[in-house]
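Below is one structure, written out as structure tokens; comments come after it.
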Amino acid sequence: MVGAFMRFLLYLNTIAIILLAGALVRLYEGAPLPWAEPPVALAADPAPSAPAPSPPLTAEQYAALQLPLPHPARAPAVAPDAGPVKLRLLTEGDYPPFNYRGAGGGLTGFDVEIANALCARLRAECSFELRPWNDLVLALKRGEGDAVVASMLIPVPGREAPATDDGVVFTERYYSTPGHFAARRTGAPVAATPAALAGKRIAVQAGSVHHAYVRHRFPEARPLALPTLTEAQAALAGGDADLLFADRNALLRWTAAGEGACCRLAGSGYGDPAWFGEGAGIALRAGDEALRDRFNAALEELVADGTYARISARYFANNIY
């Protein structure tokens, strides 16, 4: 009897071991146990939201962290598919040999040729519009043009051009404007010193900066002040003056032919900016400094490759840069 009972217990133990082993296998494989309560379903976590953008660092924060300041994105000057740049240039059209109408009525002159060469370097389509001298800057500021190319002098302290204005910026000079002496070709050379010019008759245009300069620099000379430059030139050609003092570029043009062939430039030029300015520049609206810089770069190229000298030779006996 006892033996039968022991065999029954052994049988129960064997069944229990088998059931426990199966449960362990199911637990290892991740299946729920038969007697376990069903798991409580948890709400799914919401999808992570994008973090809020951090405010940009200030310049002081960059400095504190010793980080380099970021470079602002710069848009190209001209979009690749924007086509050619179109610029409207303003000029007077009544100031030979710089800007005037030729025999056929077309606009020509040194200013015009230089402007066209600059436009070619900038790959820009440029057109000219004429305005009276006193309206050039006003028209520029009204937006009727993009630049003034009209032999306008760059303002300097003590000698300010008509275009002086807070709303206008200038390129570097595209030609210089020194004062210069002219003498008859048959006359003996005279040293340009106060002592050598004492008592000499020097023709000048009355009220001009050249008139004032002669009186300042050569106080012992005898200025012959005449109403116009043409009359001052005639005085030298006719022997009524020993010398003529005027703008070098005007004298170069005058002595090249006609009545002025009697005379030549004498000595060196006088380029003191306080008297004769920095030269002539292109005027643009304040805010168009990028275009101004492009003009300056293009002008450097014209001077470097000889284009400038070739244009200058068509109008003047010397390079006027």
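Following the order of the structure tokens, first chain is A, next is B, and so on, with residues numbered from 1 inside each chain and ligands from 1 in the order they appear.
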
Residues within 12 Å of Leu138 of chain A, only C-alpha atoms, excluding chain neighbours under 3 positions, as a list in words: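 Returned residues: Leu90, Arg131, Pro132, Trp133, Asn134, Asp135, Lys141, Arg142, Gly143, Glu144, Gly145, Asp146, Ala147, Val148, Pro162, Ala163, Thr164, Asp165, Gly167, Val168, Ala283, Leu284 and Arg285 of chain A.
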
Saved selection, atoms kept: C-alpha atoms, as an mmCIF file, in the first residue's frame:
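Saved result, part_35.cif, follows:
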```
data_model
loop_
_atom_site.group_PDB
_atom_site.id
_atom_site.type_symbol
_atom_site.label_atom_id
_atom_site.label_comp_id
_atom_site.auth_asym_id
_atom_site.auth_seq_id
_atom_site.Cartn_x
_atom_site.Cartn_y
_atom_site.Cartn_z
ATOM 1 C CA LEU A 90 22.718 110.305 -66.738
ATOM 2 C CA ARG A 131 19.607 116.153 -68.140
ATOM 3 C CA PRO A 132 20.628 119.778 -67.546
ATOM 4 C CA TRP A 133 23.701 120.023 -65.364
ATOM 5 C CA ASN A 134 21.830 121.388 -62.352
ATOM 6 C CA ASP A 135 19.275 118.564 -62.523
ATOM 7 C CA LYS A 141 17.981 110.862 -56.324
ATOM 8 C CA ARG A 142 14.509 110.679 -57.876
ATOM 9 C CA GLY A 143 15.444 107.289 -59.269
ATOM 10 C CA GLU A 144 15.481 108.424 -62.906
ATOM 11 C CA GLY A 145 18.947 106.971 -63.389
ATOM 12 C CA ASP A 146 21.438 104.648 -61.724
ATOM 13 C CA ALA A 147 24.603 106.746 -62.062
ATOM 14 C CA VAL A 148 25.810 110.149 -63.273
ATOM 15 C CA PRO A 162 27.816 120.722 -57.109
ATOM 16 C CA ALA A 163 26.912 117.107 -56.339
ATOM 17 C CA THR A 164 27.981 117.289 -52.687
ATOM 18 C CA ASP A 165 25.144 115.660 -50.786
ATOM 19 C CA GLY A 167 22.618 111.007 -50.404
ATOM 20 C CA VAL A 168 25.351 110.643 -53.059
ATOM 21 C CA ALA A 283 28.068 109.653 -58.818
ATOM 22 C CA LEU A 284 25.628 107.087 -57.409
ATOM 23 C CA ARG A 285 22.909 107.074 -54.787
#
```

Within 9 Å of Ala117 of chain A using only C-alpha atoms, minus same-chain residues under 4 positions, as number ranges by chain: A: 112-113, 121-122, 298-299, 302, 307-308

Close residues, segment 169-176 of chain A itself excluded, 10 Å, only C-alpha atoms, min 2 positions apart in chain, as a PDB file with N, CA and C atoms, in the first residue's frame:
```
ATOM      1  N   PHE A 110      34.562 111.566 -74.231  1.00  0.00           N
ATOM      2  CA  PHE A 110      35.395 110.747 -73.347  1.00  0.00           C
ATOM      3  C   PHE A 110      34.560 110.081 -72.262  1.00  0.00           C
ATOM      4  N   ASP A 111      33.680 110.853 -71.590  1.00  0.00           N
ATOM      5  CA  ASP A 111      32.831 110.261 -70.553  1.00  0.00           C
ATOM      6  C   ASP A 111      32.029 109.084 -71.092  1.00  0.00           C
ATOM      7  N   ILE A 114      34.254 105.956 -71.895  1.00  0.00           N
ATOM      8  CA  ILE A 114      34.679 105.289 -70.658  1.00  0.00           C
ATOM      9  C   ILE A 114      33.499 104.549 -70.035  1.00  0.00           C
ATOM     10  N   ALA A 115      32.344 105.187 -70.015  1.00  0.00           N
ATOM     11  CA  ALA A 115      31.159 104.544 -69.431  1.00  0.00           C
ATOM     12  C   ALA A 115      30.797 103.274 -70.194  1.00  0.00           C
ATOM     13  N   ALA A 147      23.296 106.122 -62.282  1.00  0.00           N
ATOM     14  CA  ALA A 147      24.603 106.746 -62.062  1.00  0.00           C
ATOM     15  C   ALA A 147      24.705 107.987 -62.945  1.00  0.00           C
ATOM     16  N   VAL A 148      25.532 108.937 -62.499  1.00  0.00           N
ATOM     17  CA  VAL A 148      25.810 110.149 -63.273  1.00  0.00           C
ATOM     18  C   VAL A 148      27.239 110.058 -63.777  1.00  0.00           C
ATOM     19  N   VAL A 149      27.411 110.098 -65.113  1.00  0.00           N
ATOM     20  CA  VAL A 149      28.741 110.089 -65.725  1.00  0.00           C
ATOM     21  C   VAL A 149      28.830 111.371 -66.550  1.00  0.00           C
ATOM     22  N   SER A 151      31.570 114.099 -65.938  1.00  0.00           N
ATOM     23  CA  SER A 151      32.721 114.890 -65.504  1.00  0.00           C
ATOM     24  C   SER A 151      32.428 115.636 -64.206  1.00  0.00           C
ATOM     25  N   MET A 152      31.746 114.972 -63.286  1.00  0.00           N
ATOM     26  CA  MET A 152      31.390 115.592 -62.012  1.00  0.00           C
ATOM     27  C   MET A 152      32.558 115.430 -61.050  1.00  0.00           C
ATOM     28  N   LEU A 153      32.987 116.538 -60.457  1.00  0.00           N
ATOM     29  CA  LEU A 153      34.143 116.505 -59.578  1.00  0.00           C
ATOM     30  C   LEU A 153      33.802 115.852 -58.248  1.00  0.00           C
ATOM     31  N   ILE A 154      34.726 115.047 -57.757  1.00  0.00           N
ATOM     32  CA  ILE A 154      34.566 114.406 -56.450  1.00  0.00           C
ATOM     33  C   ILE A 154      34.721 115.477 -55.376  1.00  0.00           C
ATOM     34  N   PRO A 155      33.773 115.602 -54.460  1.00  0.00           N
ATOM     35  CA  PRO A 155      33.873 116.657 -53.449  1.00  0.00           C
ATOM     36  C   PRO A 155      35.080 116.458 -52.537  1.00  0.00           C
ATOM     37  N   ALA A 163      27.633 118.321 -56.739  1.00  0.00           N
ATOM     38  CA  ALA A 163      26.912 117.107 -56.339  1.00  0.00           C
ATOM     39  C   ALA A 163      27.067 116.766 -54.867  1.00  0.00           C
ATOM     40  N   THR A 164      27.780 117.614 -54.094  1.00  0.00           N
ATOM     41  CA  THR A 164      27.981 117.289 -52.687  1.00  0.00           C
ATOM     42  C   THR A 164      26.638 117.103 -51.986  1.00  0.00           C
ATOM     43  N   ASP A 165      26.433 115.955 -51.402  1.00  0.00           N
ATOM     44  CA  ASP A 165      25.144 115.660 -50.786  1.00  0.00           C
ATOM     45  C   ASP A 165      25.301 114.389 -49.983  1.00  0.00           C
ATOM     46  N   ASP A 166      24.607 114.323 -48.842  1.00  0.00           N
ATOM     47  CA  ASP A 166      24.683 113.113 -48.023  1.00  0.00           C
ATOM     48  C   ASP A 166      24.112 111.900 -48.739  1.00  0.00           C
ATOM     49  N   GLY A 167      23.257 112.122 -49.718  1.00  0.00           N
ATOM     50  CA  GLY A 167      22.618 111.007 -50.404  1.00  0.00           C
ATOM     51  C   GLY A 167      23.352 110.529 -51.632  1.00  0.00           C
ATOM     52  N   PRO A 178      44.241 118.360 -62.796  1.00  0.00           N
ATOM     53  CA  PRO A 178      45.211 119.328 -62.279  1.00  0.00           C
ATOM     54  C   PRO A 178      45.198 120.630 -63.078  1.00  0.00           C
ATOM     55  N   GLY A 179      45.681 121.686 -62.435  1.00  0.00           N
ATOM     56  CA  GLY A 179      45.918 122.923 -63.166  1.00  0.00           C
ATOM     57  C   GLY A 179      47.238 122.825 -63.918  1.00  0.00           C
ATOM     58  N   ASP A 247      42.711 124.458 -66.637  1.00  0.00           N
ATOM     59  CA  ASP A 247      42.581 123.016 -66.464  1.00  0.00           C
ATOM     60  C   ASP A 247      43.419 122.281 -67.506  1.00  0.00           C
ATOM     61  N   ARG A 248      44.210 121.335 -67.061  1.00  0.00           N
ATOM     62  CA  ARG A 248      45.092 120.608 -67.974  1.00  0.00           C
ATOM     63  C   ARG A 248      44.352 119.950 -69.117  1.00  0.00           C
ATOM     64  N   ASN A 249      43.208 119.337 -68.820  1.00  0.00           N
ATOM     65  CA  ASN A 249      42.497 118.603 -69.860  1.00  0.00           C
ATOM     66  C   ASN A 249      41.963 119.535 -70.940  1.00  0.00           C
ATOM     67  N   GLY A 271      48.428 119.412 -58.834  1.00  0.00           N
ATOM     68  CA  GLY A 271      47.321 118.530 -58.491  1.00  0.00           C
ATOM     69  C   GLY A 271      46.860 118.602 -57.055  1.00  0.00           C
ATOM     70  N   PRO A 273      44.741 118.571 -54.165  1.00  0.00           N
ATOM     71  CA  PRO A 273      43.294 118.332 -54.096  1.00  0.00           C
ATOM     72  C   PRO A 273      42.512 119.479 -53.482  1.00  0.00           C
ATOM     73  N   PHE A 276      42.383 121.684 -56.700  1.00  0.00           N
ATOM     74  CA  PHE A 276      41.957 121.124 -57.987  1.00  0.00           C
ATOM     75  C   PHE A 276      41.167 119.818 -57.857  1.00  0.00           C
ATOM     76  N   GLY A 277      40.871 119.439 -56.612  1.00  0.00           N
ATOM     77  CA  GLY A 277      40.009 118.297 -56.405  1.00  0.00           C
ATOM     78  C   GLY A 277      40.706 116.958 -56.581  1.00  0.00           C
ATOM     79  N   GLU A 278      39.927 115.892 -56.324  1.00  0.00           N
ATOM     80  CA  GLU A 278      40.416 114.519 -56.483  1.00  0.00           C
ATOM     81  C   GLU A 278      40.249 114.023 -57.913  1.00  0.00           C
ATOM     82  N   GLY A 279      39.588 114.813 -58.741  1.00  0.00           N
ATOM     83  CA  GLY A 279      39.315 114.384 -60.103  1.00  0.00           C
ATOM     84  C   GLY A 279      37.830 114.180 -60.315  1.00  0.00           C
ATOM     85  N   ALA A 280      37.480 113.678 -61.472  1.00  0.00           N
ATOM     86  CA  ALA A 280      36.079 113.434 -61.818  1.00  0.00           C
ATOM     87  C   ALA A 280      35.725 111.995 -61.499  1.00  0.00           C
ATOM     88  N   GLY A 281      34.556 111.802 -60.886  1.00  0.00           N
ATOM     89  CA  GLY A 281      34.101 110.466 -60.537  1.00  0.00           C
ATOM     90  C   GLY A 281      32.676 110.234 -61.013  1.00  0.00           C
ATOM     91  N   ILE A 282      32.236 109.005 -60.887  1.00  0.00           N
ATOM     92  CA  ILE A 282      30.856 108.632 -61.207  1.00  0.00           C
ATOM     93  C   ILE A 282      30.038 108.750 -59.925  1.00  0.00           C
ATOM     94  N   ALA A 283      28.926 109.458 -59.993  1.00  0.00           N
ATOM     95  CA  ALA A 283      28.068 109.653 -58.818  1.00  0.00           C
ATOM     96  C   ALA A 283      26.959 108.612 -58.796  1.00  0.00           C
ATOM     97  N   LEU A 284      26.699 108.062 -57.606  1.00  0.00           N
ATOM     98  CA  LEU A 284      25.628 107.087 -57.409  1.00  0.00           C
ATOM     99  C   LEU A 284      24.858 107.435 -56.142  1.00  0.00           C
ATOM    100  N   ARG A 285      23.679 106.870 -56.007  1.00  0.00           N
ATOM    101  CA  ARG A 285      22.909 107.074 -54.787  1.00  0.00           C
ATOM    102  C   ARG A 285      23.579 106.364 -53.598  1.00  0.00           C
ATOM    103  N   ALA A 286      23.529 107.004 -52.428  1.00  0.00           N
ATOM    104  CA  ALA A 286      23.977 106.327 -51.212  1.00  0.00           C
ATOM    105  C   ALA A 286      23.150 105.059 -51.049  1.00  0.00           C
ATOM    106  N   GLY A 287      23.819 103.978 -50.730  1.00  0.00           N
ATOM    107  CA  GLY A 287      23.161 102.670 -50.676  1.00  0.00           C
ATOM    108  C   GLY A 287      23.539 101.793 -51.844  1.00  0.00           C
ATOM    109  N   ASP A 288      24.106 102.414 -52.905  1.00  0.00           N
ATOM    110  CA  ASP A 288      24.547 101.641 -54.076  1.00  0.00           C
ATOM    111  C   ASP A 288      26.059 101.440 -54.050  1.00  0.00           C
ATOM    112  N   GLU A 289      26.604 101.270 -52.850  1.00  0.00           N
ATOM    113  CA  GLU A 289      28.054 101.102 -52.736  1.00  0.00           C
ATOM    114  C   GLU A 289      28.538  99.832 -53.435  1.00  0.00           C
ATOM    115  N   LEU A 291      27.465  98.620 -56.294  1.00  0.00           N
ATOM    116  CA  LEU A 291      27.649  98.992 -57.695  1.00  0.00           C
ATOM    117  C   LEU A 291      28.854  99.903 -57.842  1.00  0.00           C
ATOM    118  N   ARG A 292      29.033 100.820 -56.903  1.00  0.00           N
ATOM    119  CA  ARG A 292      30.222 101.684 -56.941  1.00  0.00           C
ATOM    120  C   ARG A 292      31.502 100.859 -56.927  1.00  0.00           C
ATOM    121  N   ASP A 293      31.567  99.844 -56.066  1.00  0.00           N
ATOM    122  CA  ASP A 293      32.767  99.013 -55.970  1.00  0.00           C
ATOM    123  C   ASP A 293      32.998  98.235 -57.256  1.00  0.00           C
ATOM    124  N   ARG A 294      31.927  97.825 -57.911  1.00  0.00           N
ATOM    125  CA  ARG A 294      32.074  97.109 -59.184  1.00  0.00           C
ATOM    126  C   ARG A 294      32.606  98.050 -60.268  1.00  0.00           C
ATOM    127  N   PHE A 295      32.135  99.295 -60.257  1.00  0.00           N
ATOM    128  CA  PHE A 295      32.684 100.289 -61.195  1.00  0.00           C
ATOM    129  C   PHE A 295      34.172 100.503 -60.932  1.00  0.00           C
ATOM    130  N   ASN A 296      34.542 100.619 -59.673  1.00  0.00           N
ATOM    131  CA  ASN A 296      35.954 100.832 -59.345  1.00  0.00           C
ATOM    132  C   ASN A 296      36.823  99.674 -59.827  1.00  0.00           C
ATOM    133  N   ALA A 297      36.355  98.445 -59.614  1.00  0.00           N
ATOM    134  CA  ALA A 297      37.120  97.278 -60.044  1.00  0.00           C
ATOM    135  C   ALA A 297      37.243  97.244 -61.565  1.00  0.00           C
ATOM    136  N   LEU A 299      37.172  99.817 -63.572  1.00  0.00           N
ATOM    137  CA  LEU A 299      38.072 100.895 -63.985  1.00  0.00           C
ATOM    138  C   LEU A 299      39.526 100.472 -63.836  1.00  0.00           C
ATOM    139  N   GLU A 300      39.843  99.782 -62.754  1.00  0.00           N
ATOM    140  CA  GLU A 300      41.210  99.285 -62.580  1.00  0.00           C
ATOM    141  C   GLU A 300      41.603  98.376 -63.740  1.00  0.00           C
ATOM    142  N   VAL A 303      42.406 100.456 -66.881  1.00  0.00           N
ATOM    143  CA  VAL A 303      43.713 101.108 -66.802  1.00  0.00           C
ATOM    144  C   VAL A 303      44.825 100.070 -66.996  1.00  0.00           C
ATOM    145  N   TYR A 308      41.985 102.089 -71.210  1.00  0.00           N
ATOM    146  CA  TYR A 308      41.836 103.488 -70.808  1.00  0.00           C
ATOM    147  C   TYR A 308      42.737 104.400 -71.643  1.00  0.00           C
ATOM    148  N   SER A 312      41.689 107.541 -74.046  1.00  0.00           N
ATOM    149  CA  SER A 312      42.224 108.871 -73.763  1.00  0.00           C
ATOM    150  C   SER A 312      42.929 109.458 -74.982  1.00  0.00           C
ATOM    151  N   ASN A 319      47.655 110.895 -71.623  1.00  0.00           N
ATOM    152  CA  ASN A 319      46.741 110.123 -70.789  1.00  0.00           C
ATOM    153  C   ASN A 319      46.295 111.016 -69.623  1.00  0.00           C
ATOM    154  N   ILE A 320      44.997 111.145 -69.414  1.00  0.00           N
ATOM    155  CA  ILE A 320      44.507 112.067 -68.389  1.00  0.00           C
ATOM    156  C   ILE A 320      44.152 111.365 -67.075  1.00  0.00           C
ATOM    157  N   TYR A 321      44.517 110.101 -66.931  1.00  0.00           N
ATOM    158  CA  TYR A 321      44.181 109.387 -65.708  1.00  0.00           C
ATOM    159  C   TYR A 321      44.947 109.964 -64.506  1.00  0.00           C
TER     160      TYR A 321
END
```
